[in-house]
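Here is final28.pdb, consisting of PDB, C-alpha atoms:
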```pdb
ATOM      1  CA  MET A   1     100.971 146.320  63.174  1.00  0.00           C
ATOM      2  CA  ALA A   2      97.669 145.486  61.584  1.00  0.00           C
ATOM      3  CA  LYS A   3      95.539 148.381  60.592  1.00  0.00           C
ATOM      4  CA  GLU A   4      92.303 149.277  62.334  1.00  0.00           C
ATOM      5  CA  LYS A   5      89.214 150.002  60.272  1.00  0.00           C
ATOM      6  CA  LYS A   6      86.752 152.650  61.316  1.00  0.00           C
ATOM      7  CA  GLN A   7      83.141 151.538  61.717  1.00  0.00           C
ATOM      8  CA  ALA A   8      79.953 153.469  62.249  1.00  0.00           C
ATOM      9  CA  GLY A   9      79.782 155.000  65.688  1.00  0.00           C
ATOM     10  CA  GLY A  10      83.520 155.523  65.946  1.00  0.00           C
ATOM     11  CA  LYS A  11      84.323 151.874  66.814  1.00  0.00           C
ATOM     12  CA  THR A  12      87.329 150.165  65.362  1.00  0.00           C
ATOM     13  CA  ASP A  13      87.451 146.768  63.727  1.00  0.00           C
ATOM     14  CA  LYS A  14      90.637 145.004  64.895  1.00  0.00           C
ATOM     15  CA  SER A  15      92.102 142.148  62.949  1.00  0.00           C
ATOM     16  CA  ALA A  16      91.978 138.580  64.248  1.00  0.00           C
ATOM     17  CA  ALA A  17      95.692 138.617  65.035  1.00  0.00           C
ATOM     18  CA  GLU A  18      95.175 141.408  67.547  1.00  0.00           C
ATOM     19  CA  TYR A  19      92.387 139.527  69.301  1.00  0.00           C
ATOM     20  CA  TYR A  20      94.156 136.164  69.400  1.00  0.00           C
ATOM     21  CA  GLN A  21      97.868 136.040  70.134  1.00  0.00           C
ATOM     22  CA  LEU A  22      98.777 132.592  68.888  1.00  0.00           C
ATOM     23  CA  LYS A  23     101.303 130.645  70.938  1.00  0.00           C
ATOM     24  CA  THR A  24     103.285 129.087  68.118  1.00  0.00           C
ATOM     25  CA  ASP A  25     105.640 127.183  70.459  1.00  0.00           C
ATOM     26  CA  ALA A  26     102.747 125.453  72.202  1.00  0.00           C
ATOM     27  CA  VAL A  27     101.156 124.584  68.862  1.00  0.00           C
ATOM     28  CA  ASN A  28     104.411 123.088  67.592  1.00  0.00           C
ATOM     29  CA  GLN A  29     104.818 121.018  70.758  1.00  0.00           C
ATOM     30  CA  LEU A  30     101.278 119.706  70.406  1.00  0.00           C
ATOM     31  CA  VAL A  31     101.732 118.817  66.737  1.00  0.00           C
ATOM     32  CA  ASN A  32     105.084 117.110  67.273  1.00  0.00           C
ATOM     33  CA  ALA A  33     104.114 115.282  70.490  1.00  0.00           C
ATOM     34  CA  ASN A  34     104.870 111.560  70.637  1.00  0.00           C
ATOM     35  CA  VAL A  35     105.730 108.856  73.161  1.00  0.00           C
ATOM     36  CA  THR A  36     109.420 109.748  73.339  1.00  0.00           C
ATOM     37  CA  ASN A  37     109.156 113.494  73.976  1.00  0.00           C
ATOM     38  CA  THR A  38     106.013 113.585  76.127  1.00  0.00           C
ATOM     39  CA  GLU A  39     106.071 113.124  79.884  1.00  0.00           C
ATOM     40  CA  GLU A  40     103.676 110.617  81.427  1.00  0.00           C
ATOM     41  CA  ILE A  41     100.862 112.335  83.309  1.00  0.00           C
ATOM     42  CA  PRO A  42     100.473 111.073  86.898  1.00  0.00           C
ATOM     43  CA  GLU A  43      97.286 109.207  87.759  1.00  0.00           C
ATOM     44  CA  LYS A  44      96.410 111.763  90.436  1.00  0.00           C
ATOM     45  CA  GLU A  45      96.498 114.550  87.847  1.00  0.00           C
ATOM     46  CA  LEU A  46      94.301 112.599  85.435  1.00  0.00           C
ATOM     47  CA  LYS A  47      91.795 111.936  88.202  1.00  0.00           C
ATOM     48  CA  LYS A  48      91.086 115.682  88.481  1.00  0.00           C
ATOM     49  CA  TYR A  49      89.604 115.728  84.971  1.00  0.00           C
ATOM     50  CA  ARG A  50      87.651 112.499  85.138  1.00  0.00           C
ATOM     51  CA  ARG A  51      83.970 112.441  85.776  1.00  0.00           C
ATOM     52  CA  LYS A  52      83.317 111.807  89.436  1.00  0.00           C
ATOM     53  CA  SER A  53      80.652 109.372  90.539  1.00  0.00           C
ATOM     54  CA  LEU A  54      77.795 110.374  92.780  1.00  0.00           C
ATOM     55  CA  LEU A  55      79.317 108.296  95.575  1.00  0.00           C
ATOM     56  CA  ASN A  56      82.806 109.769  95.626  1.00  0.00           C
ATOM     57  CA  MET A  57      84.764 108.509  98.619  1.00  0.00           C
ATOM     58  CA  PRO A  58      88.420 108.212  99.638  1.00  0.00           C
ATOM     59  CA  GLU A  59      90.322 105.294  98.170  1.00  0.00           C
ATOM     60  CA  GLY A  60      91.064 103.636 101.510  1.00  0.00           C
ATOM     61  CA  LEU A  61      87.433 103.814 102.636  1.00  0.00           C
ATOM     62  CA  LYS A  62      86.306 102.300  99.344  1.00  0.00           C
ATOM     63  CA  TYR A  63      88.532  99.263  99.809  1.00  0.00           C
ATOM     64  CA  PHE A  64      87.577  98.973 103.484  1.00  0.00           C
ATOM     65  CA  LEU A  65      83.880  98.776 102.627  1.00  0.00           C
ATOM     66  CA  LEU A  66      84.598  96.332  99.809  1.00  0.00           C
ATOM     67  CA  LYS A  67      86.408  93.975 102.175  1.00  0.00           C
ATOM     68  CA  ALA A  68      83.710  94.381 104.830  1.00  0.00           C
ATOM     69  CA  TRP A  69      81.031  93.498 102.273  1.00  0.00           C
ATOM     70  CA  PHE A  70      82.819  90.338 101.116  1.00  0.00           C
ATOM     71  CA  ALA A  71      83.465  89.269 104.714  1.00  0.00           C
ATOM     72  CA  GLY A  72      79.791  89.793 105.511  1.00  0.00           C
ATOM     73  CA  VAL A  73      78.809  87.637 102.544  1.00  0.00           C
ATOM     74  CA  ILE A  74      81.167  84.899 103.744  1.00  0.00           C
ATOM     75  CA  CYS A  75      79.603  85.062 107.203  1.00  0.00           C
ATOM     76  CA  TRP A  76      76.115  84.812 105.718  1.00  0.00           C
ATOM     77  CA  PHE A  77      76.769  81.845 103.456  1.00  0.00           C
ATOM     78  CA  PHE A  78      79.121  79.825 105.656  1.00  0.00           C
ATOM     79  CA  LEU A  79      78.510  80.633 109.321  1.00  0.00           C
ATOM     80  CA  ILE A  80      74.757  81.077 109.029  1.00  0.00           C
ATOM     81  CA  GLY A  81      74.264  78.691 106.121  1.00  0.00           C
ATOM     82  CA  LEU A  82      76.334  75.832 107.596  1.00  0.00           C
ATOM     83  CA  GLY A  83      75.476  76.542 111.225  1.00  0.00           C
ATOM     84  CA  SER A  84      72.619  74.024 111.206  1.00  0.00           C
ATOM     85  CA  TYR A  85      74.975  71.156 110.309  1.00  0.00           C
ATOM     86  CA  GLY A  86      76.613  71.145 113.736  1.00  0.00           C
ATOM     87  CA  ILE A  87      80.119  72.067 112.590  1.00  0.00           C
ATOM     88  CA  ALA A  88      82.522  72.690 115.480  1.00  0.00           C
ATOM     89  CA  ASN A  89      83.564  76.281 116.153  1.00  0.00           C
ATOM     90  CA  LEU A  90      87.237  75.646 115.426  1.00  0.00           C
ATOM     91  CA  ASP A  91      86.414  73.917 112.146  1.00  0.00           C
ATOM     92  CA  MET A  92      84.140  76.804 111.177  1.00  0.00           C
ATOM     93  CA  ILE A  93      86.909  79.295 111.915  1.00  0.00           C
ATOM     94  CA  VAL A  94      89.289  77.339 109.683  1.00  0.00           C
ATOM     95  CA  ILE A  95      86.742  77.110 106.846  1.00  0.00           C
ATOM     96  CA  MET A  96      85.826  80.790 106.988  1.00  0.00           C
ATOM     97  CA  GLY A  97      89.467  81.839 107.344  1.00  0.00           C
ATOM     98  CA  ILE A  98      90.566  79.969 104.228  1.00  0.00           C
ATOM     99  CA  VAL A  99      87.603  81.253 102.224  1.00  0.00           C
ATOM    100  CA  THR A 100      88.270  84.821 103.393  1.00  0.00           C
ATOM    101  CA  GLY A 101      91.910  84.570 102.349  1.00  0.00           C
ATOM    102  CA  LEU A 102      91.008  83.218  98.929  1.00  0.00           C
ATOM    103  CA  ILE A 103      88.409  85.968  98.438  1.00  0.00           C
ATOM    104  CA  TRP A 104      91.065  88.520  99.426  1.00  0.00           C
ATOM    105  CA  ASP A 105      93.483  86.960  96.930  1.00  0.00           C
ATOM    106  CA  LEU A 106      91.122  86.887  93.944  1.00  0.00           C
ATOM    107  CA  PRO A 107      88.236  89.377  93.551  1.00  0.00           C
ATOM    108  CA  VAL A 108      89.326  91.881  96.215  1.00  0.00           C
ATOM    109  CA  ASN A 109      92.987  92.174  95.203  1.00  0.00           C
ATOM    110  CA  ILE A 110      92.136  92.092  91.503  1.00  0.00           C
ATOM    111  CA  TYR A 111      89.746  95.003  91.992  1.00  0.00           C
ATOM    112  CA  ILE A 112      92.377  96.948  93.938  1.00  0.00           C
ATOM    113  CA  ARG A 113      94.972  96.401  91.219  1.00  0.00           C
ATOM    114  CA  LEU A 114      92.558  97.724  88.609  1.00  0.00           C
ATOM    115  CA  LYS A 115      91.337 100.717  90.598  1.00  0.00           C
ATOM    116  CA  ALA A 116      94.354 101.755  92.675  1.00  0.00           C
ATOM    117  CA  GLU A 117      95.475 105.319  91.992  1.00  0.00           C
ATOM    118  CA  GLU A 118      99.114 104.403  92.571  1.00  0.00           C
ATOM    119  CA  LYS A 119     101.040 101.252  91.707  1.00  0.00           C
ATOM    120  CA  ASP A 120     102.054 100.726  95.344  1.00  0.00           C
ATOM    121  CA  TYR A 121      99.511  98.021  96.165  1.00  0.00           C
ATOM    122  CA  GLY A 122     101.178  97.214  99.473  1.00  0.00           C
ATOM    123  CA  ARG A 123      99.157  99.855 101.266  1.00  0.00           C
ATOM    124  CA  TRP A 124      95.935  97.972 100.583  1.00  0.00           C
ATOM    125  CA  MET A 125      97.080  94.319 100.351  1.00  0.00           C
ATOM    126  CA  MET A 126      99.015  92.192 102.794  1.00  0.00           C
ATOM    127  CA  PHE A 127     100.386  90.064  99.942  1.00  0.00           C
ATOM    128  CA  PRO A 128     100.198  92.084  96.715  1.00  0.00           C
ATOM    129  CA  LYS A 129     101.937  89.559  94.474  1.00  0.00           C
ATOM    130  CA  THR A 130     100.073  87.049  92.327  1.00  0.00           C
ATOM    131  CA  GLY A 131     100.460  83.305  91.950  1.00  0.00           C
ATOM    132  CA  VAL A 132     100.035  80.140  93.977  1.00  0.00           C
ATOM    133  CA  GLY A 133     102.422  81.274  96.681  1.00  0.00           C
ATOM    134  CA  ALA A 134     100.505  84.498  97.232  1.00  0.00           C
ATOM    135  CA  GLY A 135      97.239  82.518  97.310  1.00  0.00           C
ATOM    136  CA  ILE A 136      98.561  80.257 100.080  1.00  0.00           C
ATOM    137  CA  CYS A 137      99.832  83.268 102.045  1.00  0.00           C
ATOM    138  CA  ASN A 138      96.465  85.000 101.706  1.00  0.00           C
ATOM    139  CA  ALA A 139      94.665  81.844 102.863  1.00  0.00           C
ATOM    140  CA  LEU A 140      96.831  81.783 105.988  1.00  0.00           C
ATOM    141  CA  TYR A 141      96.258  85.508 106.406  1.00  0.00           C
ATOM    142  CA  GLY A 142      92.509  84.870 106.242  1.00  0.00           C
ATOM    143  CA  LEU A 143      92.877  82.366 109.102  1.00  0.00           C
ATOM    144  CA  VAL A 144      94.617  85.059 111.136  1.00  0.00           C
ATOM    145  CA  LEU A 145      91.869  87.595 110.405  1.00  0.00           C
ATOM    146  CA  VAL A 146      88.988  85.284 111.286  1.00  0.00           C
ATOM    147  CA  GLY A 147      90.854  84.114 114.391  1.00  0.00           C
ATOM    148  CA  LEU A 148      91.257  87.726 115.523  1.00  0.00           C
ATOM    149  CA  VAL A 149      87.573  88.401 114.854  1.00  0.00           C
ATOM    150  CA  ALA A 150      86.582  85.322 116.882  1.00  0.00           C
ATOM    151  CA  GLY A 151      88.834  86.511 119.700  1.00  0.00           C
ATOM    152  CA  THR A 152      87.220  89.965 119.515  1.00  0.00           C
ATOM    153  CA  TYR A 153      83.755  88.424 119.905  1.00  0.00           C
ATOM    154  CA  ALA A 154      85.014  86.397 122.875  1.00  0.00           C
ATOM    155  CA  VAL A 155      86.413  89.510 124.596  1.00  0.00           C
ATOM    156  CA  ILE A 156      83.210  91.473 123.980  1.00  0.00           C
ATOM    157  CA  ASN A 157      81.078  88.670 125.422  1.00  0.00           C
ATOM    158  CA  ARG A 158      83.286  88.394 128.487  1.00  0.00           C
ATOM    159  CA  ILE A 159      82.848  92.111 129.079  1.00  0.00           C
ATOM    160  CA  LEU A 160      79.080  91.776 128.642  1.00  0.00           C
ATOM    161  CA  TYR A 161      78.897  88.863 131.086  1.00  0.00           C
ATOM    162  CA  ALA A 162      81.070  90.748 133.587  1.00  0.00           C
ATOM    163  CA  ALA A 163      78.679  93.689 133.301  1.00  0.00           C
ATOM    164  CA  GLY A 164      75.765  91.426 134.235  1.00  0.00           C
ATOM    165  CA  SER A 165      74.359  90.689 130.791  1.00  0.00           C
ATOM    166  CA  GLU A 166      72.817  87.250 130.317  1.00  0.00           C
ATOM    167  CA  GLN A 167      72.828  87.351 126.516  1.00  0.00           C
ATOM    168  CA  ALA A 168      75.938  86.996 124.376  1.00  0.00           C
ATOM    169  CA  LEU A 169      76.634  89.070 121.298  1.00  0.00           C
ATOM    170  CA  SER A 170      75.566  87.021 118.300  1.00  0.00           C
ATOM    171  CA  VAL A 171      77.628  86.868 115.123  1.00  0.00           C
ATOM    172  CA  GLY A 172      76.037  88.753 112.224  1.00  0.00           C
ATOM    173  CA  PRO A 173      77.223  89.604 108.712  1.00  0.00           C
ATOM    174  CA  ILE A 174      77.467  93.374 109.246  1.00  0.00           C
ATOM    175  CA  LEU A 175      79.502  93.353 112.458  1.00  0.00           C
ATOM    176  CA  PHE A 176      81.572  90.391 111.300  1.00  0.00           C
ATOM    177  CA  GLY A 177      82.388  92.195 108.055  1.00  0.00           C
ATOM    178  CA  LEU A 178      83.350  95.415 109.819  1.00  0.00           C
ATOM    179  CA  LEU A 179      85.536  93.591 112.346  1.00  0.00           C
ATOM    180  CA  THR A 180      87.295  91.602 109.611  1.00  0.00           C
ATOM    181  CA  ALA A 181      87.975  94.723 107.542  1.00  0.00           C
ATOM    182  CA  GLY A 182      89.009  96.561 110.714  1.00  0.00           C
ATOM    183  CA  TRP A 183      91.607  93.976 111.689  1.00  0.00           C
ATOM    184  CA  ASP A 184      92.851  93.931 108.106  1.00  0.00           C
ATOM    185  CA  TRP A 185      93.276  97.711 108.244  1.00  0.00           C
ATOM    186  CA  ILE A 186      95.184  97.493 111.554  1.00  0.00           C
ATOM    187  CA  LEU A 187      97.540  94.788 110.280  1.00  0.00           C
ATOM    188  CA  LEU A 188      98.163  96.715 107.059  1.00  0.00           C
ATOM    189  CA  ARG A 189      99.107  99.780 109.111  1.00  0.00           C
ATOM    190  CA  PHE A 190     101.595  97.684 111.080  1.00  0.00           C
ATOM    191  CA  LYS A 191     102.986  96.369 107.800  1.00  0.00           C
ATOM    192  CA  THR A 192     103.437  99.900 106.444  1.00  0.00           C
ATOM    193  CA  LEU A 193     105.032 101.036 109.703  1.00  0.00           C
ATOM    194  CA  GLY A 194     107.456  98.106 109.695  1.00  0.00           C
ATOM    195  CA  ARG A 195     108.354  98.697 106.066  1.00  0.00           C
ATOM    196  CA  ASN A 196     109.055 102.384 106.741  1.00  0.00           C
ATOM    197  CA  ILE A 197     111.241 101.520 109.733  1.00  0.00           C
ATOM    198  CA  LEU A 198     113.262  99.048 107.667  1.00  0.00           C
ATOM    199  CA  SER A 199     113.596 101.559 104.832  1.00  0.00           C
ATOM    200  CA  ASP A 200     114.870 104.243 107.208  1.00  0.00           C
ATOM    201  CA  ALA A 201     117.293 101.788 108.788  1.00  0.00           C
ATOM    202  CA  ARG A 202     118.687 100.826 105.362  1.00  0.00           C
ATOM    203  CA  GLU A 203     119.133 104.476 104.386  1.00  0.00           C
ATOM    204  CA  LYS A 204     120.980 105.245 107.631  1.00  0.00           C
ATOM    205  CA  ALA A 205     123.142 102.165 107.201  1.00  0.00           C
ATOM    206  CA  GLY A 206     123.937 103.164 103.615  1.00  0.00           C
ATOM    207  CA  SER A 207     124.795 106.747 104.529  1.00  0.00           C
ATOM    208  CA  GLY A 208     126.992 105.571 107.390  1.00  0.00           C
ATOM    209  CA  ARG A 209     129.337 103.641 105.113  1.00  0.00           C
TER     210      ARG A 209
END
```

Here is the file; what I need is its structure written in the form of structure tokens.
Amino acid sequence: MAKEKKQAGGKTDKSAAEYYQLKTDAVNQLVNANVTNTEEIPEKELKKYRRKSLLNMPEGLKYFLLKAWFAGVICWFFLIGLGSYGIANLDMIVIMGIVTGLIWDLPVNIYIRLKAEEKDYGRWMMFPKTGVGAGICNALYGLVLVGLVAGTYAVINRILYAAGSEQALSVGPILFGLLTAGWDWILLRFKTLGRNILSDAREKAGSGR
């Protein structure tokens, strides 16, 4: 044991070893750490120590607002911008649907791949793969989304007319964006539910053999 030295006033001067009990095992592990003997830290754990932005929001809400914003921009540039050219409603739905699907396939999905906390992109994308095939599938998916949004507007207007209103609900970027992102969220939940059901069925079938 290290000796204690008497100081004025009766206090003792302890050595550094008594104040700091060095953990030699931890030091050795830190010095000898490399790729082969170090476990990969999960992304969720790393997120705890990263600097949080002023606008910190849940991951799902972030992607929802991103999709709503892009859909609103599409509505502004195509529906409002091309509305004066007398394009038929069905043709406009097809144009906006394809553009929405391509926007989903490129900037939206690329952003999700870069920012997703987990590598399971399927929760946030209908077609998470890349390539021409995924682009075509997303374009068709965009047609489905815009078709559902158009049907939603039609149902709302029928309800308004049945209630005695003489003015239909006009299509605007904000509501159009929210409805598009909302239908996307609903369809993604059905996709996740179907995938879980299939996974459970496979596990039961495998255990029953």

Produce the centre coordinates and the three edge lengths, each in Å to one decimal, of the box along x, y and z that contains all listed atoms of stretch 175-180 of chain A with 5 Å added on each side, as AutoDock Vina command-line options.
```
--center_x 83.4 --center_y 92.9 --center_z 110.3 --size_x 17.8 --size_y 15.0 --size_z 14.4
```

Test item: the PyMOL selection byres ((chain A and resi 163-172) around 12) resolved as a VMD selection string
chain A and resid 71 to 81 83 149 to 150 152 to 162 173 to 180

Counting only C-alpha atoms, select every polymer residue within 12 Å of (96.1, 103.1, 92.9) as defined in the file's coordinates, and provide the selection as a PyMOL selection string.
chain A and resi 42-44+47+58-60+62-63+109-125

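Computed from the coordinates, the atom CA of A:Val99 to atom CA of A:Arg195 distance equals 27.4 Å.
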
Selection near stretch 131-148 of chain A, 10 Å with only C-alpha atoms, sequence-local residues under 2 positions removed, as a PyMOL selection string:
chain A and resi 71+90+92-106+125-129+150-154+176+179-184+187

May I have the selected residues written with C-alpha atoms, as a PDB file, in the coordinates of the input?
```
ATOM      1  CA  ALA A  71      83.465  89.269 104.714  1.00  0.00           C
ATOM      2  CA  LEU A  90      87.237  75.646 115.426  1.00  0.00           C
ATOM      3  CA  MET A  92      84.140  76.804 111.177  1.00  0.00           C
ATOM      4  CA  ILE A  93      86.909  79.295 111.915  1.00  0.00           C
ATOM      5  CA  VAL A  94      89.289  77.339 109.683  1.00  0.00           C
ATOM      6  CA  ILE A  95      86.742  77.110 106.846  1.00  0.00           C
ATOM      7  CA  MET A  96      85.826  80.790 106.988  1.00  0.00           C
ATOM      8  CA  GLY A  97      89.467  81.839 107.344  1.00  0.00           C
ATOM      9  CA  ILE A  98      90.566  79.969 104.228  1.00  0.00           C
ATOM     10  CA  VAL A  99      87.603  81.253 102.224  1.00  0.00           C
ATOM     11  CA  THR A 100      88.270  84.821 103.393  1.00  0.00           C
ATOM     12  CA  GLY A 101      91.910  84.570 102.349  1.00  0.00           C
ATOM     13  CA  LEU A 102      91.008  83.218  98.929  1.00  0.00           C
ATOM     14  CA  ILE A 103      88.409  85.968  98.438  1.00  0.00           C
ATOM     15  CA  TRP A 104      91.065  88.520  99.426  1.00  0.00           C
ATOM     16  CA  ASP A 105      93.483  86.960  96.930  1.00  0.00           C
ATOM     17  CA  LEU A 106      91.122  86.887  93.944  1.00  0.00           C
ATOM     18  CA  MET A 125      97.080  94.319 100.351  1.00  0.00           C
ATOM     19  CA  MET A 126      99.015  92.192 102.794  1.00  0.00           C
ATOM     20  CA  PHE A 127     100.386  90.064  99.942  1.00  0.00           C
ATOM     21  CA  PRO A 128     100.198  92.084  96.715  1.00  0.00           C
ATOM     22  CA  LYS A 129     101.937  89.559  94.474  1.00  0.00           C
ATOM     23  CA  ALA A 150      86.582  85.322 116.882  1.00  0.00           C
ATOM     24  CA  GLY A 151      88.834  86.511 119.700  1.00  0.00           C
ATOM     25  CA  THR A 152      87.220  89.965 119.515  1.00  0.00           C
ATOM     26  CA  TYR A 153      83.755  88.424 119.905  1.00  0.00           C
ATOM     27  CA  ALA A 154      85.014  86.397 122.875  1.00  0.00           C
ATOM     28  CA  PHE A 176      81.572  90.391 111.300  1.00  0.00           C
ATOM     29  CA  LEU A 179      85.536  93.591 112.346  1.00  0.00           C
ATOM     30  CA  THR A 180      87.295  91.602 109.611  1.00  0.00           C
ATOM     31  CA  ALA A 181      87.975  94.723 107.542  1.00  0.00           C
ATOM     32  CA  GLY A 182      89.009  96.561 110.714  1.00  0.00           C
ATOM     33  CA  TRP A 183      91.607  93.976 111.689  1.00  0.00           C
ATOM     34  CA  ASP A 184      92.851  93.931 108.106  1.00  0.00           C
ATOM     35  CA  LEU A 187      97.540  94.788 110.280  1.00  0.00           C
TER      36      LEU A 187
END
```

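For the pair atom CA of A:Leu193 and atom CA of A:Gly206, the separation is 20.0 Å.
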
Do you have the atom CA of A:Gly194-atom CA of A:Trp69 distance handy?
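Here the two named atoms are 27.8 Å from each other.
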